[in-house]
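Undergrad: Data: model33.cif, mmCIF, C-alpha atoms.
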```
data_work
loop_
_atom_site.group_PDB
_atom_site.id
_atom_site.type_symbol
_atom_site.label_atom_id
_atom_site.label_comp_id
_atom_site.auth_asym_id
_atom_site.auth_seq_id
_atom_site.Cartn_x
_atom_site.Cartn_y
_atom_site.Cartn_z
ATOM 1 C CA MET R 118 6.497 194.051 106.525
ATOM 2 C CA THR R 119 9.689 192.300 105.383
ATOM 3 C CA LEU R 120 10.180 189.359 107.731
ATOM 4 C CA LEU R 121 13.181 187.686 106.087
ATOM 5 C CA LYS R 122 15.570 189.361 103.661
ATOM 6 C CA LEU R 123 18.357 187.748 101.644
ATOM 7 C CA ASN R 124 21.024 190.195 100.483
ATOM 8 C CA SER R 125 23.394 189.055 97.697
ATOM 9 C CA ILE R 126 23.621 185.492 99.024
ATOM 10 C CA TYR R 127 26.223 183.114 97.624
ATOM 11 C CA TYR R 128 26.855 179.561 98.768
ATOM 12 C CA LYS R 129 29.931 177.764 97.422
ATOM 13 C CA ASP R 130 29.241 177.082 93.727
ATOM 14 C CA ILE R 131 25.574 176.243 94.369
ATOM 15 C CA LEU R 132 23.815 179.601 94.858
ATOM 16 C CA LYS R 133 24.762 182.893 93.232
ATOM 17 C CA ASN R 134 23.616 186.410 94.074
ATOM 18 C CA ILE R 135 20.255 185.549 95.660
ATOM 19 C CA ASN R 136 18.280 188.667 96.588
ATOM 20 C CA LEU R 137 14.858 188.071 98.070
ATOM 21 C CA ASP R 138 12.366 189.833 100.323
ATOM 22 C CA ILE R 139 9.929 187.576 102.186
ATOM 23 C CA ASN R 140 7.040 189.456 103.740
ATOM 24 C CA LYS R 141 4.992 188.390 106.728
ATOM 25 C CA GLY R 142 2.147 186.189 105.498
ATOM 26 C CA ASP R 143 3.789 185.314 102.173
ATOM 27 C CA TYR R 144 3.334 181.838 100.730
ATOM 28 C CA PHE R 145 6.236 181.079 98.389
ATOM 29 C CA SER R 146 6.314 178.043 96.157
ATOM 30 C CA ILE R 147 9.871 177.327 95.054
ATOM 31 C CA ILE R 148 10.418 175.309 91.903
ATOM 32 C CA GLY R 149 13.289 174.437 89.595
ATOM 33 C CA PRO R 150 15.288 171.473 88.297
ATOM 34 C CA SER R 151 16.915 168.995 90.665
ATOM 35 C CA GLY R 152 20.270 170.306 91.841
ATOM 36 C CA SER R 153 19.371 173.941 91.211
ATOM 37 C CA GLY R 154 19.850 174.943 94.869
ATOM 38 C CA LYS R 155 16.300 174.929 96.258
ATOM 39 C CA SER R 156 17.021 172.822 99.349
ATOM 40 C CA THR R 157 20.252 174.745 99.929
ATOM 41 C CA LEU R 158 18.221 177.955 99.976
ATOM 42 C CA LEU R 159 15.966 176.573 102.721
ATOM 43 C CA LYS R 160 18.955 175.376 104.751
ATOM 44 C CA LEU R 161 20.461 178.856 104.557
ATOM 45 C CA CYS R 162 17.166 180.445 105.626
ATOM 46 C CA SER R 163 16.987 178.096 108.616
ATOM 47 C CA ASN R 164 20.645 178.771 109.561
ATOM 48 C CA LEU R 165 21.579 175.104 109.175
ATOM 49 C CA ILE R 166 24.409 176.232 106.900
ATOM 50 C CA SER R 167 26.094 179.619 106.510
ATOM 51 C CA SER R 168 26.386 181.601 103.311
ATOM 52 C CA SER R 169 29.773 182.067 101.651
ATOM 53 C CA LYS R 170 28.883 185.698 101.050
ATOM 54 C CA GLY R 171 25.970 188.003 101.799
ATOM 55 C CA ASP R 172 23.593 188.480 104.719
ATOM 56 C CA ILE R 173 20.249 187.061 105.797
ATOM 57 C CA ILE R 174 18.185 189.417 107.925
ATOM 58 C CA TYR R 175 15.307 188.252 110.120
ATOM 59 C CA LYS R 176 13.175 190.935 111.772
ATOM 60 C CA ASP R 177 15.826 193.573 111.028
ATOM 61 C CA LYS R 178 18.601 191.537 112.658
ATOM 62 C CA ASN R 179 21.276 189.346 111.065
ATOM 63 C CA ILE R 180 20.433 185.695 111.684
ATOM 64 C CA MET R 181 24.006 185.122 112.869
ATOM 65 C CA ASP R 182 23.211 187.345 115.856
ATOM 66 C CA TYR R 183 20.489 184.982 117.091
ATOM 67 C CA SER R 184 21.242 181.842 119.075
ATOM 68 C CA PRO R 185 20.659 178.947 116.641
ATOM 69 C CA MET R 186 18.110 177.222 118.908
ATOM 70 C CA GLU R 187 16.053 180.370 119.475
ATOM 71 C CA TYR R 188 16.139 181.216 115.773
ATOM 72 C CA ARG R 189 15.035 177.738 114.691
ATOM 73 C CA LYS R 190 12.078 177.895 117.059
ATOM 74 C CA GLN R 191 10.843 180.789 114.931
ATOM 75 C CA VAL R 192 12.078 179.672 111.509
ATOM 76 C CA ALA R 193 11.438 175.933 111.259
ATOM 77 C CA TYR R 194 12.655 173.599 108.510
ATOM 78 C CA CYS R 195 10.856 170.363 107.617
ATOM 79 C CA PHE R 196 13.085 167.995 105.626
ATOM 80 C CA GLN R 197 11.990 165.874 102.682
ATOM 81 C CA THR R 198 13.499 162.840 104.399
ATOM 82 C CA PRO R 199 12.396 163.255 108.017
ATOM 83 C CA TYR R 200 14.567 162.393 110.986
ATOM 84 C CA LEU R 201 12.572 161.173 113.967
ATOM 85 C CA PHE R 202 13.854 161.319 117.538
ATOM 86 C CA GLY R 203 13.870 158.555 120.140
ATOM 87 C CA ASP R 204 12.147 155.223 119.637
ATOM 88 C CA LYS R 205 8.475 156.127 119.381
ATOM 89 C CA VAL R 206 6.212 158.721 117.813
ATOM 90 C CA ILE R 207 5.296 160.153 121.226
ATOM 91 C CA ASN R 208 8.959 161.130 121.772
ATOM 92 C CA ASN R 209 8.740 163.379 118.712
ATOM 93 C CA LEU R 210 5.463 165.064 119.571
ATOM 94 C CA THR R 211 6.468 165.914 123.142
ATOM 95 C CA PHE R 212 9.897 167.186 122.032
ATOM 96 C CA PRO R 213 8.810 170.736 121.007
ATOM 97 C CA PHE R 214 7.283 171.248 124.462
ATOM 98 C CA ASN R 215 10.202 169.697 126.342
ATOM 99 C CA ILE R 216 12.820 171.985 124.789
ATOM 100 C CA ARG R 217 10.680 174.979 125.823
ATOM 101 C CA ASN R 218 10.232 173.597 129.353
ATOM 102 C CA ILE R 219 6.441 173.521 129.048
ATOM 103 C CA VAL R 220 3.972 170.720 129.675
ATOM 104 C CA PRO R 221 3.042 168.838 126.464
ATOM 105 C CA ASP R 222 -0.391 169.879 125.197
ATOM 106 C CA LYS R 223 -2.098 166.527 124.668
ATOM 107 C CA LYS R 224 -5.230 168.130 123.214
ATOM 108 C CA LEU R 225 -3.172 170.000 120.636
ATOM 109 C CA ILE R 226 -1.271 166.835 119.728
ATOM 110 C CA SER R 227 -4.596 164.990 119.269
ATOM 111 C CA LYS R 228 -5.959 167.863 117.178
ATOM 112 C CA TYR R 229 -3.000 167.780 114.784
ATOM 113 C CA LEU R 230 -3.099 163.989 114.491
ATOM 114 C CA GLU R 231 -6.748 164.241 113.473
ATOM 115 C CA MET R 232 -6.023 167.080 111.040
ATOM 116 C CA PHE R 233 -3.357 164.979 109.330
ATOM 117 C CA ASN R 234 -5.505 161.847 109.137
ATOM 118 C CA LEU R 235 -3.571 159.892 111.788
ATOM 119 C CA ASP R 236 -5.040 157.779 114.593
ATOM 120 C CA GLU R 237 -3.918 158.446 118.177
ATOM 121 C CA GLU R 238 -2.742 154.846 118.420
ATOM 122 C CA ILE R 239 0.249 155.919 116.321
ATOM 123 C CA LEU R 240 1.700 157.679 119.405
ATOM 124 C CA ASN R 241 2.950 154.358 120.782
ATOM 125 C CA LYS R 242 4.192 153.097 117.446
ATOM 126 C CA GLU R 243 7.939 152.681 116.979
ATOM 127 C CA ASN R 244 9.505 155.087 114.509
ATOM 128 C CA LYS R 245 11.136 152.251 112.589
ATOM 129 C CA ASN R 246 7.710 150.765 111.820
ATOM 130 C CA LEU R 247 6.273 153.912 110.241
ATOM 131 C CA SER R 248 5.722 154.305 106.513
ATOM 132 C CA GLY R 249 7.472 157.113 104.658
ATOM 133 C CA GLY R 250 4.232 159.071 104.501
ATOM 134 C CA GLU R 251 3.609 158.655 108.229
ATOM 135 C CA LYS R 252 7.135 159.849 108.998
ATOM 136 C CA GLN R 253 6.622 162.948 106.854
ATOM 137 C CA ARG R 254 3.376 163.829 108.630
ATOM 138 C CA ILE R 255 4.760 163.207 112.130
ATOM 139 C CA SER R 256 7.777 165.370 111.307
ATOM 140 C CA LEU R 257 5.479 168.116 110.057
ATOM 141 C CA ILE R 258 3.262 167.944 113.154
ATOM 142 C CA ARG R 259 6.368 168.110 115.374
ATOM 143 C CA THR R 260 7.386 171.293 113.561
ATOM 144 C CA LEU R 261 3.936 172.867 113.856
ATOM 145 C CA LEU R 262 3.073 172.147 117.488
ATOM 146 C CA CYS R 263 4.756 175.302 118.746
ATOM 147 C CA LYS R 264 3.748 177.430 115.745
ATOM 148 C CA PRO R 265 6.826 178.924 114.037
ATOM 149 C CA GLU R 266 6.806 182.361 112.434
ATOM 150 C CA ILE R 267 8.206 180.956 109.165
ATOM 151 C CA LEU R 268 7.714 177.379 107.949
ATOM 152 C CA LEU R 269 10.226 175.971 105.455
ATOM 153 C CA LEU R 270 8.940 172.864 103.674
ATOM 154 C CA ASP R 271 11.139 170.671 101.477
ATOM 155 C CA GLU R 272 9.094 168.265 99.340
ATOM 156 C CA VAL R 273 7.076 167.290 102.429
ATOM 157 C CA THR R 274 4.373 165.441 100.462
ATOM 158 C CA SER R 275 6.718 163.390 98.259
ATOM 159 C CA ALA R 276 5.843 160.114 100.053
ATOM 160 C CA LEU R 277 2.098 160.788 100.359
ATOM 161 C CA ASP R 278 -0.808 159.571 98.264
ATOM 162 C CA ALA R 279 -3.162 162.058 96.604
ATOM 163 C CA GLU R 280 -5.664 162.098 99.499
ATOM 164 C CA ASN R 281 -3.091 162.802 102.203
ATOM 165 C CA THR R 282 -1.252 165.292 99.985
ATOM 166 C CA GLN R 283 -4.486 167.268 99.709
ATOM 167 C CA ILE R 284 -4.948 167.116 103.494
ATOM 168 C CA VAL R 285 -1.448 168.532 104.062
ATOM 169 C CA GLU R 286 -2.025 171.249 101.462
ATOM 170 C CA GLU R 287 -5.256 172.315 103.184
ATOM 171 C CA VAL R 288 -3.605 172.410 106.626
ATOM 172 C CA ILE R 289 -0.717 174.532 105.303
ATOM 173 C CA LYS R 290 -3.177 176.840 103.533
ATOM 174 C CA LYS R 291 -5.053 177.379 106.801
ATOM 175 C CA LEU R 292 -1.843 178.004 108.750
ATOM 176 C CA ASN R 293 -0.825 180.590 106.170
ATOM 177 C CA LYS R 294 -4.198 182.326 106.529
ATOM 178 C CA ASP R 295 -3.572 182.311 110.292
ATOM 179 C CA GLY R 296 -0.355 184.250 109.742
ATOM 180 C CA ILE R 297 2.451 181.699 109.276
ATOM 181 C CA THR R 298 4.797 182.581 106.410
ATOM 182 C CA ILE R 299 5.436 179.615 104.091
ATOM 183 C CA LEU R 300 8.327 178.664 101.796
ATOM 184 C CA TRP R 301 7.559 175.367 100.092
ATOM 185 C CA VAL R 302 9.930 173.584 97.704
ATOM 186 C CA THR R 303 8.016 171.308 95.346
ATOM 187 C CA HIS R 304 8.432 169.543 92.004
ATOM 188 C CA ASN R 305 4.660 169.426 91.544
ATOM 189 C CA LEU R 306 3.740 172.314 89.230
ATOM 190 C CA GLU R 307 0.033 172.019 89.993
ATOM 191 C CA GLN R 308 0.756 172.085 93.728
ATOM 192 C CA SER R 309 3.102 175.042 93.327
ATOM 193 C CA LYS R 310 0.360 177.359 92.047
ATOM 194 C CA LYS R 311 -2.557 176.061 94.080
ATOM 195 C CA ASN R 312 -2.307 178.176 97.248
ATOM 196 C CA ALA R 313 0.870 180.258 96.976
ATOM 197 C CA ASN R 314 0.939 183.997 96.381
ATOM 198 C CA LYS R 315 4.454 183.940 94.920
ATOM 199 C CA LEU R 316 6.177 181.455 92.610
ATOM 200 C CA LEU R 317 9.985 181.501 92.756
ATOM 201 C CA THR R 318 11.910 179.654 90.049
ATOM 202 C CA ILE R 319 15.554 178.801 90.660
ATOM 203 C CA GLU R 320 17.809 177.445 87.924
ATOM 204 C CA ALA R 321 21.550 176.749 88.156
ATOM 205 C CA GLY R 322 21.715 178.474 91.526
ATOM 206 C CA GLU R 323 20.160 181.743 90.393
ATOM 207 C CA ILE R 324 16.694 183.253 90.582
ATOM 208 C CA LYS R 325 15.206 182.895 87.124
ATOM 209 C CA SER R 326 11.847 184.465 87.913
ATOM 210 C CA LEU R 327 9.550 185.598 90.705
ATOM 211 C CA GLU R 328 5.878 185.523 89.758
ATOM 212 C CA VAL R 329 3.061 186.981 91.828
ATOM 213 C CA ILE R 330 0.031 184.690 91.860
ATOM 214 C CA ASP R 331 -3.521 185.835 92.488
ATOM 215 C CA ASN R 332 -5.275 183.064 94.404
ATOM 216 C CA GLY R 333 -8.083 185.291 95.616
#
```
As C-alpha cells, how would this structure be written, given the file I've shared?
TA:
Amino acid sequence: MTLLKLNSIYYKDILKNINLDINKGDYFSIIGPSGSGKSTLLKLCSNLISSSKGDIIYKDKNIMDYSPMEYRKQVAYCFQTPYLFGDKVINNLTFPFNIRNIVPDKKLISKYLEMFNLDEEILNKENKNLSGGEKQRISLIRTLLCKPEILLLDEVTSALDAENTQIVEEVIKKLNKDGITILWVTHNLEQSKKNANKLLTIEAGEIKSLEVIDNG
C-alpha cells in the first residue's frame, strides 16, 4: 500500500523532478552530499514547506487538503537541531498529549525515557542545561509518544556517542517492525544500510539511485 507519493516534485532550485512511492512499513535511508536537498525533501513531506511544482499525496489525498496540525500528527518530523518547548523537559513530554486534549501517560513517558537511556530525573531539568545528545533524544521521544504513521528523521544521532546511537537505532528498528514507516536522513553509510529496506541517494537535488536492501 502506497502511503506517501511524491509526483514530479520541484522546490525552487534545490529539488528537481522527485518521484517517489513510500509504502506502509518502508524504512528509507536517505543519503547524499551536504546541500543535495535531503532535509528539504523531509520538510516537504512534513508540509513544513510547499513544493514549487508537483503534488504530494498521503493516503490518496493531497497533503494540502489536510489541516497542517492534523497532518503533522500523522507525519512527524524530527530535526537534526532540536527545538525544545517551555523551560523544562517535562513541558516537552506532556506537549503531545496536551495538544490532543488527553491526559499525559506517565508510564509511557517513563518507558521511553528508559528505552533511550535517560533517567526520570531529567524531567525536571531545564532545557538550557541539556547536552546536544540529550536534546536530540528528548525531541525524538516527544515525537514518538503519540505514535505517528510516518517518522521523518534528520540526522537525529549526530550528537550521540556510539552507545546511544545504537540504542536509538534499535528503538527505530522496533518501531518500524511495529508498523511505523521511516525516512531517515544520515551521513553514516554503515548506519544507512543497517536496518533500512530501501536506500535513496540524492545528488544535486535529483534522485541518483534507489536501492532495495535485503535485511532479512
Undergrad: Do a neighbour search on Gln308 of chain R at 9 Å with all atoms listed in the file, toss out local chain neighbours closer than 5 positions, and write the hits as a list in words.
TA: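 Those residues are Ser146, Glu286, Thr303 and Ala313 of chain R.
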Undergrad: So the first atom is atom CA of Lys290 of chain R and the second is atom CA of Asn332 of chain R; what is the distance between them in Å, to one decimal place?
TA: 11.2 Å
Undergrad: Taking the file as shown, what set of residues would the PyMOL selection byres ((chain R and resi 260-274) around 7) give back, as a PDB file with C-alpha atoms, in the frame of the given file?
TA:
```
ATOM      1  CA  SER R 156      17.021 172.822  99.349  1.00  0.00           C
ATOM      2  CA  LEU R 159      15.966 176.573 102.721  1.00  0.00           C
ATOM      3  CA  LYS R 190      12.078 177.895 117.059  1.00  0.00           C
ATOM      4  CA  GLN R 191      10.843 180.789 114.931  1.00  0.00           C
ATOM      5  CA  VAL R 192      12.078 179.672 111.509  1.00  0.00           C
ATOM      6  CA  ALA R 193      11.438 175.933 111.259  1.00  0.00           C
ATOM      7  CA  TYR R 194      12.655 173.599 108.510  1.00  0.00           C
ATOM      8  CA  CYS R 195      10.856 170.363 107.617  1.00  0.00           C
ATOM      9  CA  PHE R 196      13.085 167.995 105.626  1.00  0.00           C
ATOM     10  CA  GLN R 197      11.990 165.874 102.682  1.00  0.00           C
ATOM     11  CA  PRO R 213       8.810 170.736 121.007  1.00  0.00           C
ATOM     12  CA  GLN R 253       6.622 162.948 106.854  1.00  0.00           C
ATOM     13  CA  SER R 256       7.777 165.370 111.307  1.00  0.00           C
ATOM     14  CA  LEU R 257       5.479 168.116 110.057  1.00  0.00           C
ATOM     15  CA  ILE R 258       3.262 167.944 113.154  1.00  0.00           C
ATOM     16  CA  ARG R 259       6.368 168.110 115.374  1.00  0.00           C
ATOM     17  CA  SER R 275       6.718 163.390  98.259  1.00  0.00           C
ATOM     18  CA  ALA R 276       5.843 160.114 100.053  1.00  0.00           C
ATOM     19  CA  LEU R 277       2.098 160.788 100.359  1.00  0.00           C
ATOM     20  CA  THR R 282      -1.252 165.292  99.985  1.00  0.00           C
ATOM     21  CA  ILE R 297       2.451 181.699 109.276  1.00  0.00           C
ATOM     22  CA  THR R 298       4.797 182.581 106.410  1.00  0.00           C
ATOM     23  CA  ILE R 299       5.436 179.615 104.091  1.00  0.00           C
ATOM     24  CA  LEU R 300       8.327 178.664 101.796  1.00  0.00           C
ATOM     25  CA  TRP R 301       7.559 175.367 100.092  1.00  0.00           C
ATOM     26  CA  VAL R 302       9.930 173.584  97.704  1.00  0.00           C
ATOM     27  CA  THR R 303       8.016 171.308  95.346  1.00  0.00           C
TER      28      THR R 303
END
```
Undergrad: Quick one: which residues end up in the PyMOL selection byres ((chain R and resi 208) around 12) for this structure, as a list in words?
TA: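 So the PyMOL selection byres ((chain R and resi 208) around 12), applied here, picks out Leu201, Phe202, Gly203, Asp204, Lys205, Val206, Ile207, Asn209, Leu210, Thr211, Phe212, Pro213, Phe214, Asn215, Ile216, Pro221, Ile226, Ile239, Leu240, Asn241, Lys242, Glu243, Asn244, Ile255, Ser256 and Arg259 of chain R.
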Undergrad: Quick one, how far is atom CA of Lys224 of chain R from atom CA of Lys245 of chain R?
TA: 25.2 Å
Undergrad: Taking all atoms listed in the file into account, name the residue in R:Met186, R:Ile180, R:Asp278, R:Val288 that is nearest to Lys228 of chain R.
TA: R:Val288
Undergrad: Env of Val329 of chain R: 9 Å cut, atoms = only C-alpha atoms, seq-sep filter 2 positions within chain, self excluded. Answer as a list of chain:residue names.
TA: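 What passes the distance filter is R:Ala313, R:Asn314, R:Lys315, R:Leu316, R:Leu317, R:Leu327, R:Asp331.
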Undergrad: Pick the closest to Ile131 of chain R from R:Asn164, R:Lys325, R:Ile319, R:Gly250: which is it, counting all atoms listed in the file?
TA: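 Ranked by minimum distance to Ile131 of chain R, first place goes to R:Ile319.
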Undergrad: Find the distance between atom CA of Leu161 of chain R and atom CA of Asn218 of chain R and write it in Å to one decimal.
TA: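 Going from atom CA of Leu161 of chain R over to atom CA of Asn218 of chain R, I get 27.3 Å.
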Undergrad: Between R:Ser309, R:Ala321, R:Lys294, R:Thr198, which is the closest to Lys141 of chain R once you count all atoms listed in the file?
TA: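 Among the listed residues, R:Lys294 lies closest to Lys141 of chain R.
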Undergrad: Generate the coordinates of all heavy atoms for segment 197-208 of chain R; report them as a CSV table (one decimal), keeping the file's coordinate frame.
TA:
```csv
chain,number,residue,atom,x,y,z
R,197,GLN,N,12.7,166.8,103.5
R,197,GLN,CA,12.0,165.9,102.7
R,197,GLN,C,12.1,164.5,103.3
R,197,GLN,O,11.1,163.7,103.3
R,197,GLN,CB,12.6,165.9,101.3
R,197,GLN,CG,12.0,164.9,100.3
R,197,GLN,CD,12.6,164.9,99.0
R,197,GLN,OE1,13.5,165.7,98.7
R,197,GLN,NE2,12.1,164.0,98.1
R,198,THR,N,13.3,164.1,103.7
R,198,THR,CA,13.5,162.8,104.4
R,198,THR,C,13.6,163.1,105.9
R,198,THR,O,14.6,163.6,106.4
R,198,THR,CB,14.8,162.2,103.9
R,198,THR,OG1,14.8,162.0,102.5
R,198,THR,CG2,15.0,160.8,104.6
R,199,PRO,N,12.5,162.8,106.6
R,199,PRO,CA,12.4,163.3,108.0
R,199,PRO,C,13.3,162.4,108.9
R,199,PRO,O,13.5,161.2,108.7
R,199,PRO,CB,10.9,163.0,108.4
R,199,PRO,CG,10.4,162.0,107.4
R,199,PRO,CD,11.2,162.2,106.2
R,200,TYR,N,13.8,163.1,109.9
R,200,TYR,CA,14.6,162.4,111.0
R,200,TYR,C,13.7,162.4,112.3
R,200,TYR,O,13.4,163.5,112.7
R,200,TYR,CB,15.9,163.1,111.2
R,200,TYR,CG,16.7,162.4,112.4
R,200,TYR,CD1,17.4,161.2,112.2
R,200,TYR,CD2,16.7,163.0,113.6
R,200,TYR,CE1,18.0,160.7,113.3
R,200,TYR,CE2,17.4,162.5,114.7
R,200,TYR,CZ,18.0,161.3,114.5
R,200,TYR,OH,18.7,160.7,115.6
R,201,LEU,N,13.4,161.2,112.8
R,201,LEU,CA,12.6,161.2,114.0
R,201,LEU,C,13.4,160.9,115.2
R,201,LEU,O,14.4,160.1,115.1
R,201,LEU,CB,11.5,160.1,113.8
R,201,LEU,CG,10.5,160.4,112.7
R,201,LEU,CD1,9.4,159.3,112.7
R,201,LEU,CD2,9.9,161.8,112.7
R,202,PHE,N,13.1,161.5,116.3
R,202,PHE,CA,13.9,161.3,117.5
R,202,PHE,C,13.4,160.1,118.4
R,202,PHE,O,12.2,159.7,118.3
R,202,PHE,CB,13.7,162.6,118.4
R,202,PHE,CG,14.0,163.9,117.7
R,202,PHE,CD1,13.2,165.0,117.9
R,202,PHE,CD2,15.1,163.9,116.8
R,202,PHE,CE1,13.5,166.2,117.2
R,202,PHE,CE2,15.4,165.1,116.1
R,202,PHE,CZ,14.6,166.2,116.3
R,203,GLY,N,14.3,159.6,119.2
R,203,GLY,CA,13.9,158.6,120.1
R,203,GLY,C,13.4,157.3,119.4
R,203,GLY,O,13.8,157.0,118.3
R,204,ASP,N,12.6,156.5,120.2
R,204,ASP,CA,12.1,155.2,119.6
R,204,ASP,C,10.7,155.3,119.1
R,204,ASP,O,10.4,154.5,118.2
R,204,ASP,CB,12.2,154.1,120.7
R,204,ASP,CG,13.6,153.9,121.2
R,204,ASP,OD1,14.5,153.9,120.3
R,204,ASP,OD2,13.8,153.8,122.4
R,205,LYS,N,9.9,156.1,119.7
R,205,LYS,CA,8.5,156.1,119.4
R,205,LYS,C,8.0,157.5,118.9
R,205,LYS,O,8.6,158.5,119.2
R,205,LYS,CB,7.7,155.7,120.6
R,205,LYS,CG,7.9,154.2,121.0
R,205,LYS,CD,7.0,153.8,122.1
R,205,LYS,CE,7.2,152.3,122.4
R,205,LYS,NZ,6.3,151.8,123.5
R,206,VAL,N,6.8,157.5,118.3
R,206,VAL,CA,6.2,158.7,117.8
R,206,VAL,C,6.0,159.7,118.9
R,206,VAL,O,6.3,160.9,118.8
R,206,VAL,CB,4.9,158.4,117.1
R,206,VAL,CG1,4.1,159.7,116.8
R,206,VAL,CG2,5.1,157.6,115.8
R,207,ILE,N,5.6,159.3,120.1
R,207,ILE,CA,5.3,160.2,121.2
R,207,ILE,C,6.5,161.0,121.6
R,207,ILE,O,6.4,162.1,122.0
R,207,ILE,CB,4.8,159.4,122.5
R,207,ILE,CG1,4.3,160.3,123.6
R,207,ILE,CG2,5.8,158.4,123.0
R,207,ILE,CD1,3.1,161.2,123.2
R,208,ASN,N,7.7,160.4,121.5
R,208,ASN,CA,9.0,161.1,121.8
R,208,ASN,C,9.1,162.4,120.9
R,208,ASN,O,9.6,163.4,121.3
R,208,ASN,CB,10.2,160.2,121.6
R,208,ASN,CG,10.2,159.0,122.4
R,208,ASN,OD1,10.4,157.9,122.0
R,208,ASN,ND2,9.8,159.1,123.7
```
